[in-house]
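Chemist: Before anything else, here's the structure in question.
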Amino acid sequence: MAGPRAKILVVDDEPSVRAAISEYLSREGYQVLEAGDGVSMRRILDENDIAIVLLDVMLPGEDGLSLAQSLAHRDDIGVIIISALGAEADRIAGLEFGADDYLPKPVSPRELLARVRALQRRYKGATSPGGLQFEFSGWRLDAVRRTLRDARGVLTSLSDGEFGILLAFVEHPQRVLTRDELLVLARGNESDAFDRAIDTQVSRIRHKIHTPTSGEVIKTMRGEGYMFMPAVTVLTTREPEAHRILPSARENAILIDANKGEASVGGIALDLTYSEVSLLAALFEAEGSAVSKDMLSRQVLGRPWQAFDRSVDVHVSNLRNKLASYPGIAITTVRRVGYKLVIG
């Protein structure tokens, strides 16, 4: 999904809507194709290299949510739902069914163009785990779409809490994690959840990912915590890239390899998750400028930031703790904006 002449497919049963979107995006340099239903959509997808599908929900025959779900396994195609159903529950349903973004009708052409471009940047890989998926025991966890699928591609629902804990497990496989560590990794230091809440969510995850052949996936380590037993494979479509920043103090020299998910300070490796590596890269690429929460969310998590979403704050809090032993490096909060990396 790259290049100014990327192909976009507009799927809507209203010819006037398709025509308006097609005309605007064509003027911006995109190749735009149109479909009025799911059958036409699939035929066009089979015959063309489509980068992004703009999808209505209320379609004749198969509805847009079902179509979005059928495309969720396609790592090469982004999906933006554009629908007259704009309530919060509708937007959440669209994202849970696999859409990358959701815009209510009537949509501003300029906003649509901005969302399309943002989705293109996301799929180029950049420095986010948007190109990352985790495979274990026949399961695949997608860090951007926040989805879990089995070997047949069937979606298994996860609550926000379950997703956060499972992501912590797959980023730290075959290693004992205490309840406190799981709590911090999944929710940040400011969480006030109790140990019992972690136990309950781990139990639910066990139930959801258990198969007759999977064996023990999450092992209880008596008196210690939990260990995620399967080997985890990290899948990425990003090109290898390394980023280096060399401040005046050599002991604070930072080296980041975003493709490998590794970072070091003064030659000493940091124990960071993939999300934390991506966050560190996004902050220092700003060269001392403040980075908004929305930009960090898009680059690190692969999705727009929303006021109730504390995921960026959680990752910043965890990263701050891991950088605390380096007094010349700090992440400062810029009120009403986001965060800034300060090296001195």
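Going through the structure tokens in order, the chains are called A, B, and so on, while each chain numbers its residues from 1 and the ligands are numbered from 1 in the order shown.
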Would you mind writing down, as number ranges by chain, each residue of segment 149-335 of chain A that DSSP on the backbone assigns to strand (DSSP E)?
Modeler: A: 149, 155-156, 176-177, 218-221, 225-228, 233-236, 243-245, 254-257, 262-265, 268-269, 291-292, 329-334
Chemist: Those same residues - N, CA and C atoms - I'd like them written as a short mmCIF file (atom, residue, chain, number, x, y, z; two decimals), in the first residue's frame.
Modeler:
data_model
loop_
_atom_site.label_atom_id
_atom_site.label_comp_id
_atom_site.auth_asym_id
_atom_site.auth_seq_id
_atom_site.Cartn_x
_atom_site.Cartn_y
_atom_site.Cartn_z
N ARG A 149 -7.09 -14.12 16.09
CA ARG A 149 -7.70 -15.08 15.17
C ARG A 149 -7.03 -16.44 15.31
N LEU A 155 -12.35 -15.02 14.16
CA LEU A 155 -12.10 -13.98 15.14
C LEU A 155 -12.57 -14.41 16.52
N THR A 156 -11.73 -14.19 17.53
CA THR A 156 -12.09 -14.40 18.92
C THR A 156 -12.11 -13.06 19.62
N VAL A 176 8.65 -15.53 33.47
CA VAL A 176 7.71 -15.34 34.56
C VAL A 176 7.36 -13.85 34.68
N LEU A 177 6.06 -13.56 34.70
CA LEU A 177 5.58 -12.21 34.93
C LEU A 177 4.73 -12.21 36.19
N ILE A 218 -0.81 -20.84 29.33
CA ILE A 218 -0.42 -19.92 30.40
C ILE A 218 -0.27 -20.73 31.68
N LYS A 219 0.94 -20.83 32.18
CA LYS A 219 1.23 -21.65 33.35
C LYS A 219 1.28 -20.79 34.61
N THR A 220 0.60 -21.24 35.64
CA THR A 220 0.65 -20.55 36.92
C THR A 220 1.92 -20.96 37.65
N MET A 221 2.73 -19.97 38.01
CA MET A 221 3.96 -20.21 38.76
C MET A 221 3.66 -19.88 40.22
N GLY A 225 3.73 -15.84 39.77
CA GLY A 225 2.89 -15.17 38.78
C GLY A 225 2.49 -16.13 37.68
N TYR A 226 2.73 -15.71 36.43
CA TYR A 226 2.35 -16.53 35.28
C TYR A 226 3.49 -16.56 34.25
N MET A 227 3.49 -17.63 33.46
CA MET A 227 4.44 -17.73 32.35
C MET A 227 3.68 -18.12 31.09
N PHE A 228 3.92 -17.39 30.00
CA PHE A 228 3.33 -17.71 28.70
C PHE A 228 4.25 -18.73 28.04
N THR A 233 6.26 -16.03 17.40
CA THR A 233 6.91 -15.51 16.20
C THR A 233 6.36 -14.12 15.92
N VAL A 234 7.26 -13.17 15.72
CA VAL A 234 6.86 -11.79 15.41
C VAL A 234 6.90 -11.61 13.90
N LEU A 235 5.76 -11.24 13.32
CA LEU A 235 5.67 -11.03 11.89
C LEU A 235 5.70 -9.54 11.60
N THR A 236 6.50 -9.12 10.66
CA THR A 236 6.55 -7.72 10.29
C THR A 236 6.80 -7.60 8.80
N HIS A 243 17.87 3.65 13.65
CA HIS A 243 17.88 5.07 13.94
C HIS A 243 18.91 5.32 15.04
N ARG A 244 19.72 6.37 14.88
CA ARG A 244 20.72 6.68 15.88
C ARG A 244 20.64 8.15 16.25
N ILE A 245 20.76 8.42 17.53
CA ILE A 245 20.87 9.80 17.98
C ILE A 245 22.04 9.87 18.94
N ILE A 254 21.80 7.04 22.15
CA ILE A 254 20.69 6.11 21.95
C ILE A 254 20.78 5.49 20.57
N LEU A 255 20.66 4.18 20.51
CA LEU A 255 20.61 3.46 19.24
C LEU A 255 19.34 2.64 19.21
N ILE A 256 18.55 2.81 18.14
CA ILE A 256 17.28 2.08 18.03
C ILE A 256 17.24 1.35 16.70
N ASP A 257 16.95 0.08 16.74
CA ASP A 257 16.67 -0.70 15.55
C ASP A 257 15.19 -1.06 15.60
N GLU A 262 14.66 -3.39 19.02
CA GLU A 262 15.73 -3.31 20.01
C GLU A 262 16.19 -1.87 20.19
N ALA A 263 16.63 -1.54 21.40
CA ALA A 263 17.14 -0.21 21.68
C ALA A 263 18.21 -0.31 22.76
N SER A 264 19.16 0.63 22.73
CA SER A 264 20.21 0.65 23.74
C SER A 264 20.55 2.09 24.08
N VAL A 265 21.08 2.29 25.28
CA VAL A 265 21.57 3.60 25.71
C VAL A 265 23.01 3.43 26.16
N ILE A 268 24.27 -0.08 26.27
CA ILE A 268 23.60 -1.03 27.17
C ILE A 268 22.18 -1.28 26.66
N ALA A 269 21.84 -2.54 26.40
CA ALA A 269 20.53 -2.88 25.85
C ALA A 269 19.43 -2.56 26.85
N VAL A 291 5.25 15.85 20.66
CA VAL A 291 4.50 14.98 19.76
C VAL A 291 3.13 14.76 20.38
N SER A 292 2.08 14.98 19.61
CA SER A 292 0.73 14.85 20.14
C SER A 292 0.40 13.40 20.45
N ILE A 329 18.25 11.64 30.23
CA ILE A 329 17.16 11.36 29.29
C ILE A 329 15.84 11.42 30.04
N ALA A 330 14.89 12.18 29.51
CA ALA A 330 13.59 12.28 30.18
C ALA A 330 12.49 12.47 29.14
N ILE A 331 11.30 11.98 29.48
CA ILE A 331 10.11 12.21 28.66
C ILE A 331 9.22 13.15 29.45
N THR A 332 9.04 14.35 28.95
CA THR A 332 8.25 15.35 29.65
C THR A 332 6.85 15.43 29.06
N THR A 333 5.91 15.77 29.92
CA THR A 333 4.52 15.96 29.48
C THR A 333 4.33 17.40 29.03
N VAL A 334 3.80 17.58 27.84
CA VAL A 334 3.47 18.90 27.33
C VAL A 334 1.95 19.04 27.44
#
Chemist: Skipping near chain neighbours, those fewer than 5 positions away, what residues fall within 10 Å of Thr211 of chain A using only C-alpha atoms, listed as a VMD selection string?
Modeler: chain A and resid 137 to 138 150 206 216 to 217
Chemist: Take the residues from that selection and write them out as an mmCIF file, in the first residue's frame, keeping N, CA and C atoms.
Modeler:
data_model
loop_
_atom_site.group_PDB
_atom_site.id
_atom_site.type_symbol
_atom_site.label_atom_id
_atom_site.label_comp_id
_atom_site.auth_asym_id
_atom_site.auth_seq_id
_atom_site.Cartn_x
_atom_site.Cartn_y
_atom_site.Cartn_z
ATOM 1 N N SER A 137 1.113 -20.956 18.673
ATOM 2 C CA SER A 137 0.228 -22.126 18.758
ATOM 3 C C SER A 137 -0.970 -22.048 17.808
ATOM 4 N N GLY A 138 -0.754 -21.545 16.603
ATOM 5 C CA GLY A 138 -1.822 -21.447 15.620
ATOM 6 C C GLY A 138 -2.663 -20.196 15.726
ATOM 7 N N ASP A 150 -7.843 -17.493 15.114
ATOM 8 C CA ASP A 150 -7.279 -18.841 15.173
ATOM 9 C C ASP A 150 -6.709 -19.223 13.821
ATOM 10 N N ARG A 206 -7.193 -17.905 29.045
ATOM 11 C CA ARG A 206 -6.925 -19.350 28.953
ATOM 12 C C ARG A 206 -8.082 -20.076 28.274
ATOM 13 N N GLU A 216 -0.692 -26.605 27.789
ATOM 14 C CA GLU A 216 -0.803 -25.513 28.756
ATOM 15 C C GLU A 216 -0.179 -24.264 28.162
ATOM 16 N N VAL A 217 -1.012 -23.268 27.881
ATOM 17 C CA VAL A 217 -0.530 -22.036 27.239
ATOM 18 C C VAL A 217 -0.038 -21.035 28.279
#
Chemist: Pick out the residues sitting within 10 Å of Pro109 of chain A, and hand them over as a ChimeraX atom specification; count only C-alpha atoms, and ignore anything fewer than 5 positions along from it in its own chain.
Modeler: /A:20-21,24-25,114-115
Chemist: So that I have them on file, write out the residues from the current selection with N, CA and C atoms, as an mmCIF file, in the first residue's frame.
Modeler:
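Wrote it out as part-v4.cif, contents follow:
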data_model
loop_
_atom_site.group_PDB
_atom_site.id
_atom_site.type_symbol
_atom_site.label_atom_id
_atom_site.label_comp_id
_atom_site.auth_asym_id
_atom_site.auth_seq_id
_atom_site.Cartn_x
_atom_site.Cartn_y
_atom_site.Cartn_z
ATOM 1 N N ALA A 20 -19.173 11.103 -6.024
ATOM 2 C CA ALA A 20 -18.595 12.256 -5.338
ATOM 3 C C ALA A 20 -17.231 11.916 -4.743
ATOM 4 N N ILE A 21 -17.146 10.756 -4.084
ATOM 5 C CA ILE A 21 -15.874 10.346 -3.491
ATOM 6 C C ILE A 21 -14.842 10.067 -4.573
ATOM 7 N N TYR A 24 -13.414 13.334 -6.112
ATOM 8 C CA TYR A 24 -12.505 14.074 -5.243
ATOM 9 C C TYR A 24 -11.155 13.362 -5.126
ATOM 10 N N LEU A 25 -11.172 12.064 -4.862
ATOM 11 C CA LEU A 25 -9.921 11.343 -4.680
ATOM 12 C C LEU A 25 -9.141 11.225 -5.989
ATOM 13 N N ALA A 114 -7.408 13.024 4.435
ATOM 14 C CA ALA A 114 -6.422 12.931 5.514
ATOM 15 C C ALA A 114 -6.396 11.524 6.113
ATOM 16 N N ARG A 115 -7.569 10.916 6.292
ATOM 17 C CA ARG A 115 -7.626 9.555 6.849
ATOM 18 C C ARG A 115 -7.018 8.541 5.883
#
Chemist: Between A:Thr213, A:Pro230, A:Ile8, A:Gln133, which is the closest to Phe169 of chain A once you count only C-alpha atoms?
Modeler: A:Pro230
Chemist: Which is closest to Ile44 of chain A among A:Leu9, A:Ile82, A:Leu67, A:Ile165, if we use only C-alpha atoms?
Modeler: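 Looking only at the distances to Ile44 of chain A, the closest residue turns out to be A:Leu9.
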Chemist: Which polymer residues have any atom within 10 Å of an atom of Ala168 of chain A, counting only C-alpha atoms, with same-chain residues fewer than 5 positions away left out, as a ChimeraX atom specification?
Modeler: /A:162-163,173,177,181-186,228,273
Chemist: Okay, now the selection with C-alpha atoms, as a PDB file, in the first residue's frame?
Modeler:
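Result saved to part_19.pdb:
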ATOM      1  CA  GLU A 162      -7.730  -9.186  28.030  1.00  0.00           C
ATOM      2  CA  PHE A 163      -6.022  -7.725  24.970  1.00  0.00           C
ATOM      3  CA  PRO A 173       7.084 -15.193  26.196  1.00  0.00           C
ATOM      4  CA  LEU A 177       5.581 -12.206  34.928  1.00  0.00           C
ATOM      5  CA  GLU A 181       4.254  -6.643  36.193  1.00  0.00           C
ATOM      6  CA  LEU A 182       1.232  -7.730  34.168  1.00  0.00           C
ATOM      7  CA  LEU A 183      -0.774  -4.891  35.656  1.00  0.00           C
ATOM      8  CA  VAL A 184       1.863  -2.291  34.754  1.00  0.00           C
ATOM      9  CA  LEU A 185       2.483  -3.691  31.263  1.00  0.00           C
ATOM     10  CA  ALA A 186      -1.217  -3.821  30.449  1.00  0.00           C
ATOM     11  CA  PHE A 228       3.331 -17.714  28.703  1.00  0.00           C
ATOM     12  CA  THR A 273       8.580  -4.127  24.423  1.00  0.00           C
TER      13      THR A 273
END
Chemist: So, with only C-alpha atoms as the atoms that count, which of A:Ser26, A:Gln201, A:Gln299, A:Ser311 lies closest to Val277 of chain A?
Modeler: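 Nearest to Val277 of chain A: A:Gln299.
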Chemist: Need the shell around Gln69 of chain A: protein/DNA/RNA residues with any atom at most 9 Å away, counting only C-alpha atoms. Skip same-chain ones fewer than 6 positions apart. Format as a list in words?
Modeler: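 Returned residues: Gly94, Glu96, Phe97, Gly98, Ala99 and Leu155 of chain A.
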Chemist: For the residues selected in the previous step, produce a file with N, CA and C atoms as a PDB file, in the first residue's frame.
Modeler:
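See part.pdb below for the written result:
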ATOM      1  N   GLY A  94     -17.781  -1.411  14.071  1.00  0.00           N
ATOM      2  CA  GLY A  94     -17.007  -1.400  12.838  1.00  0.00           C
ATOM      3  C   GLY A  94     -15.541  -1.695  13.062  1.00  0.00           C
ATOM      4  N   GLU A  96     -14.255  -3.267  15.681  1.00  0.00           N
ATOM      5  CA  GLU A  96     -14.105  -4.635  16.178  1.00  0.00           C
ATOM      6  C   GLU A  96     -14.254  -5.665  15.066  1.00  0.00           C
ATOM      7  N   PHE A  97     -14.983  -5.322  14.014  1.00  0.00           N
ATOM      8  CA  PHE A  97     -15.134  -6.238  12.887  1.00  0.00           C
ATOM      9  C   PHE A  97     -13.954  -6.159  11.927  1.00  0.00           C
ATOM     10  N   GLY A  98     -12.975  -5.306  12.220  1.00  0.00           N
ATOM     11  CA  GLY A  98     -11.747  -5.323  11.433  1.00  0.00           C
ATOM     12  C   GLY A  98     -11.430  -4.070  10.663  1.00  0.00           C
ATOM     13  N   ALA A  99     -12.316  -3.056  10.686  1.00  0.00           N
ATOM     14  CA  ALA A  99     -12.017  -1.815   9.968  1.00  0.00           C
ATOM     15  C   ALA A  99     -10.866  -1.088  10.650  1.00  0.00           C
ATOM     16  N   LEU A 155     -12.353 -15.020  14.157  1.00  0.00           N
ATOM     17  CA  LEU A 155     -12.097 -13.979  15.142  1.00  0.00           C
ATOM     18  C   LEU A 155     -12.571 -14.415  16.523  1.00  0.00           C
TER      19      LEU A 155
END
Chemist: Any idea what's packed within 8 Å of segment 53-65 of chain A, counting only C-alpha atoms, ignoring anything in its chain fewer than 3 positions away? Could you give it as a PyMOL selection string?
Modeler: chain A and resi 8-13+36-38+50+68-69+77-83+85+93-94+97
Chemist: Go ahead and save the residues from that selection, with N, CA and C atoms, as a PDB file, in the first residue's frame.
Modeler:
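The result, stored in again.pdb:
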ATOM      1  N   ILE A   8      -7.932   2.797  -4.892  1.00  0.00           N
ATOM      2  CA  ILE A   8      -8.926   2.815  -3.824  1.00  0.00           C
ATOM      3  C   ILE A   8     -10.248   2.301  -4.379  1.00  0.00           C
ATOM      4  N   LEU A   9     -10.902   1.442  -3.618  1.00  0.00           N
ATOM      5  CA  LEU A   9     -12.194   0.903  -4.016  1.00  0.00           C
ATOM      6  C   LEU A   9     -13.282   1.480  -3.125  1.00  0.00           C
ATOM      7  N   VAL A  10     -14.264   2.138  -3.742  1.00  0.00           N
ATOM      8  CA  VAL A  10     -15.394   2.703  -3.013  1.00  0.00           C
ATOM      9  C   VAL A  10     -16.573   1.735  -3.134  1.00  0.00           C
ATOM     10  N   VAL A  11     -17.047   1.231  -1.995  1.00  0.00           N
ATOM     11  CA  VAL A  11     -18.157   0.270  -1.989  1.00  0.00           C
ATOM     12  C   VAL A  11     -19.355   0.934  -1.315  1.00  0.00           C
ATOM     13  N   ASP A  12     -20.331   1.323  -2.129  1.00  0.00           N
ATOM     14  CA  ASP A  12     -21.535   2.004  -1.625  1.00  0.00           C
ATOM     15  C   ASP A  12     -22.657   1.755  -2.618  1.00  0.00           C
ATOM     16  N   ASP A  13     -23.882   1.556  -2.116  1.00  0.00           N
ATOM     17  CA  ASP A  13     -25.000   1.270  -3.020  1.00  0.00           C
ATOM     18  C   ASP A  13     -25.618   2.542  -3.601  1.00  0.00           C
ATOM     19  N   GLY A  36     -21.035  -1.579  -6.037  1.00  0.00           N
ATOM     20  CA  GLY A  36     -22.310  -1.317  -5.381  1.00  0.00           C
ATOM     21  C   GLY A  36     -22.718  -2.349  -4.366  1.00  0.00           C
ATOM     22  N   ASP A  37     -21.973  -3.455  -4.284  1.00  0.00           N
ATOM     23  CA  ASP A  37     -22.312  -4.509  -3.322  1.00  0.00           C
ATOM     24  C   ASP A  37     -21.091  -5.394  -3.091  1.00  0.00           C
ATOM     25  N   GLY A  38     -21.261  -6.388  -2.202  1.00  0.00           N
ATOM     26  CA  GLY A  38     -20.159  -7.263  -1.852  1.00  0.00           C
ATOM     27  C   GLY A  38     -19.665  -8.126  -2.991  1.00  0.00           C
ATOM     28  N   ILE A  50      -5.729  -3.519  -4.881  1.00  0.00           N
ATOM     29  CA  ILE A  50      -6.401  -2.447  -4.150  1.00  0.00           C
ATOM     30  C   ILE A  50      -5.653  -2.167  -2.846  1.00  0.00           C
ATOM     31  N   ALA A  68     -16.146  -6.212   6.010  1.00  0.00           N
ATOM     32  CA  ALA A  68     -14.946  -5.759   6.718  1.00  0.00           C
ATOM     33  C   ALA A  68     -14.279  -6.918   7.441  1.00  0.00           C
ATOM     34  N   GLN A  69     -15.097  -7.764   8.045  1.00  0.00           N
ATOM     35  CA  GLN A  69     -14.551  -8.919   8.754  1.00  0.00           C
ATOM     36  C   GLN A  69     -13.843  -9.863   7.788  1.00  0.00           C
ATOM     37  N   ILE A  77      -4.416  -4.666   2.626  1.00  0.00           N
ATOM     38  CA  ILE A  77      -5.575  -3.823   2.323  1.00  0.00           C
ATOM     39  C   ILE A  77      -6.058  -3.136   3.594  1.00  0.00           C
ATOM     40  N   GLY A  78      -6.206  -1.807   3.529  1.00  0.00           N
ATOM     41  CA  GLY A  78      -6.795  -1.066   4.631  1.00  0.00           C
ATOM     42  C   GLY A  78      -8.285  -0.859   4.393  1.00  0.00           C
ATOM     43  N   VAL A  79      -9.049  -0.764   5.458  1.00  0.00           N
ATOM     44  CA  VAL A  79     -10.503  -0.612   5.356  1.00  0.00           C
ATOM     45  C   VAL A  79     -10.949   0.599   6.175  1.00  0.00           C
ATOM     46  N   ILE A  80     -11.649   1.517   5.531  1.00  0.00           N
ATOM     47  CA  ILE A  80     -12.281   2.643   6.217  1.00  0.00           C
ATOM     48  C   ILE A  80     -13.782   2.540   5.986  1.00  0.00           C
ATOM     49  N   ILE A  81     -14.535   2.426   7.058  1.00  0.00           N
ATOM     50  CA  ILE A  81     -15.988   2.389   6.949  1.00  0.00           C
ATOM     51  C   ILE A  81     -16.511   3.827   6.918  1.00  0.00           C
ATOM     52  N   ILE A  82     -17.395   4.098   5.955  1.00  0.00           N
ATOM     53  CA  ILE A  82     -18.071   5.393   5.856  1.00  0.00           C
ATOM     54  C   ILE A  82     -19.565   5.099   5.895  1.00  0.00           C
ATOM     55  N   SER A  83     -20.237   5.481   6.971  1.00  0.00           N
ATOM     56  CA  SER A  83     -21.621   5.051   7.153  1.00  0.00           C
ATOM     57  C   SER A  83     -22.478   6.129   7.797  1.00  0.00           C
ATOM     58  N   LEU A  85     -24.540   5.337   9.935  1.00  0.00           N
ATOM     59  CA  LEU A  85     -24.658   4.853  11.309  1.00  0.00           C
ATOM     60  C   LEU A  85     -23.458   5.376  12.085  1.00  0.00           C
ATOM     61  N   ALA A  93     -18.384  -1.204  16.809  1.00  0.00           N
ATOM     62  CA  ALA A  93     -18.645  -2.454  16.088  1.00  0.00           C
ATOM     63  C   ALA A  93     -17.828  -2.516  14.809  1.00  0.00           C
ATOM     64  N   GLY A  94     -17.781  -1.411  14.071  1.00  0.00           N
ATOM     65  CA  GLY A  94     -17.007  -1.400  12.838  1.00  0.00           C
ATOM     66  C   GLY A  94     -15.541  -1.695  13.062  1.00  0.00           C
ATOM     67  N   PHE A  97     -14.983  -5.322  14.014  1.00  0.00           N
ATOM     68  CA  PHE A  97     -15.134  -6.238  12.887  1.00  0.00           C
ATOM     69  C   PHE A  97     -13.954  -6.159  11.927  1.00  0.00           C
TER      70      PHE A  97
END
Chemist: Between atom CA of Lys7 of chain A and atom CA of Glu111 of chain A, what is the distance, to one decimal in Å?
Modeler: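 Going from atom CA of Lys7 of chain A over to atom CA of Glu111 of chain A, I get 18.3 Å.
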Chemist: If DSSP is run on the backbone, what residues of segment 40-78 of chain A are helix (DSSP H, G or I)? A reply as a list in words would be ideal.
Modeler: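 Those in segment 40-78 of chain A that DSSP calls helix (DSSP H, G or I) are Ser40, Met41, Arg42, Arg43, Ile44, Leu45, Asp46, Glu47, Gly64, Leu65, Ser66, Leu67, Ala68, Gln69, Ser70 and Leu71 of chain A.
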Chemist: Between A:Val32, A:Val17, A:Val39, A:Ala151, single out the one closest to Ala84 of chain A, counting only C-alpha atoms.
Modeler: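 Comparing A:Val32, A:Val17, A:Val39, A:Ala151 against Ala84 of chain A, the winner is A:Val17.
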Chemist: Of the candidates A:Tyr30, A:Phe284, A:Tyr102, A:Tyr274, which one gets nearest to Lys340 of chain A if we count only C-alpha atoms?
Modeler: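 Of all the options, A:Phe284 lies closest to Lys340 of chain A.
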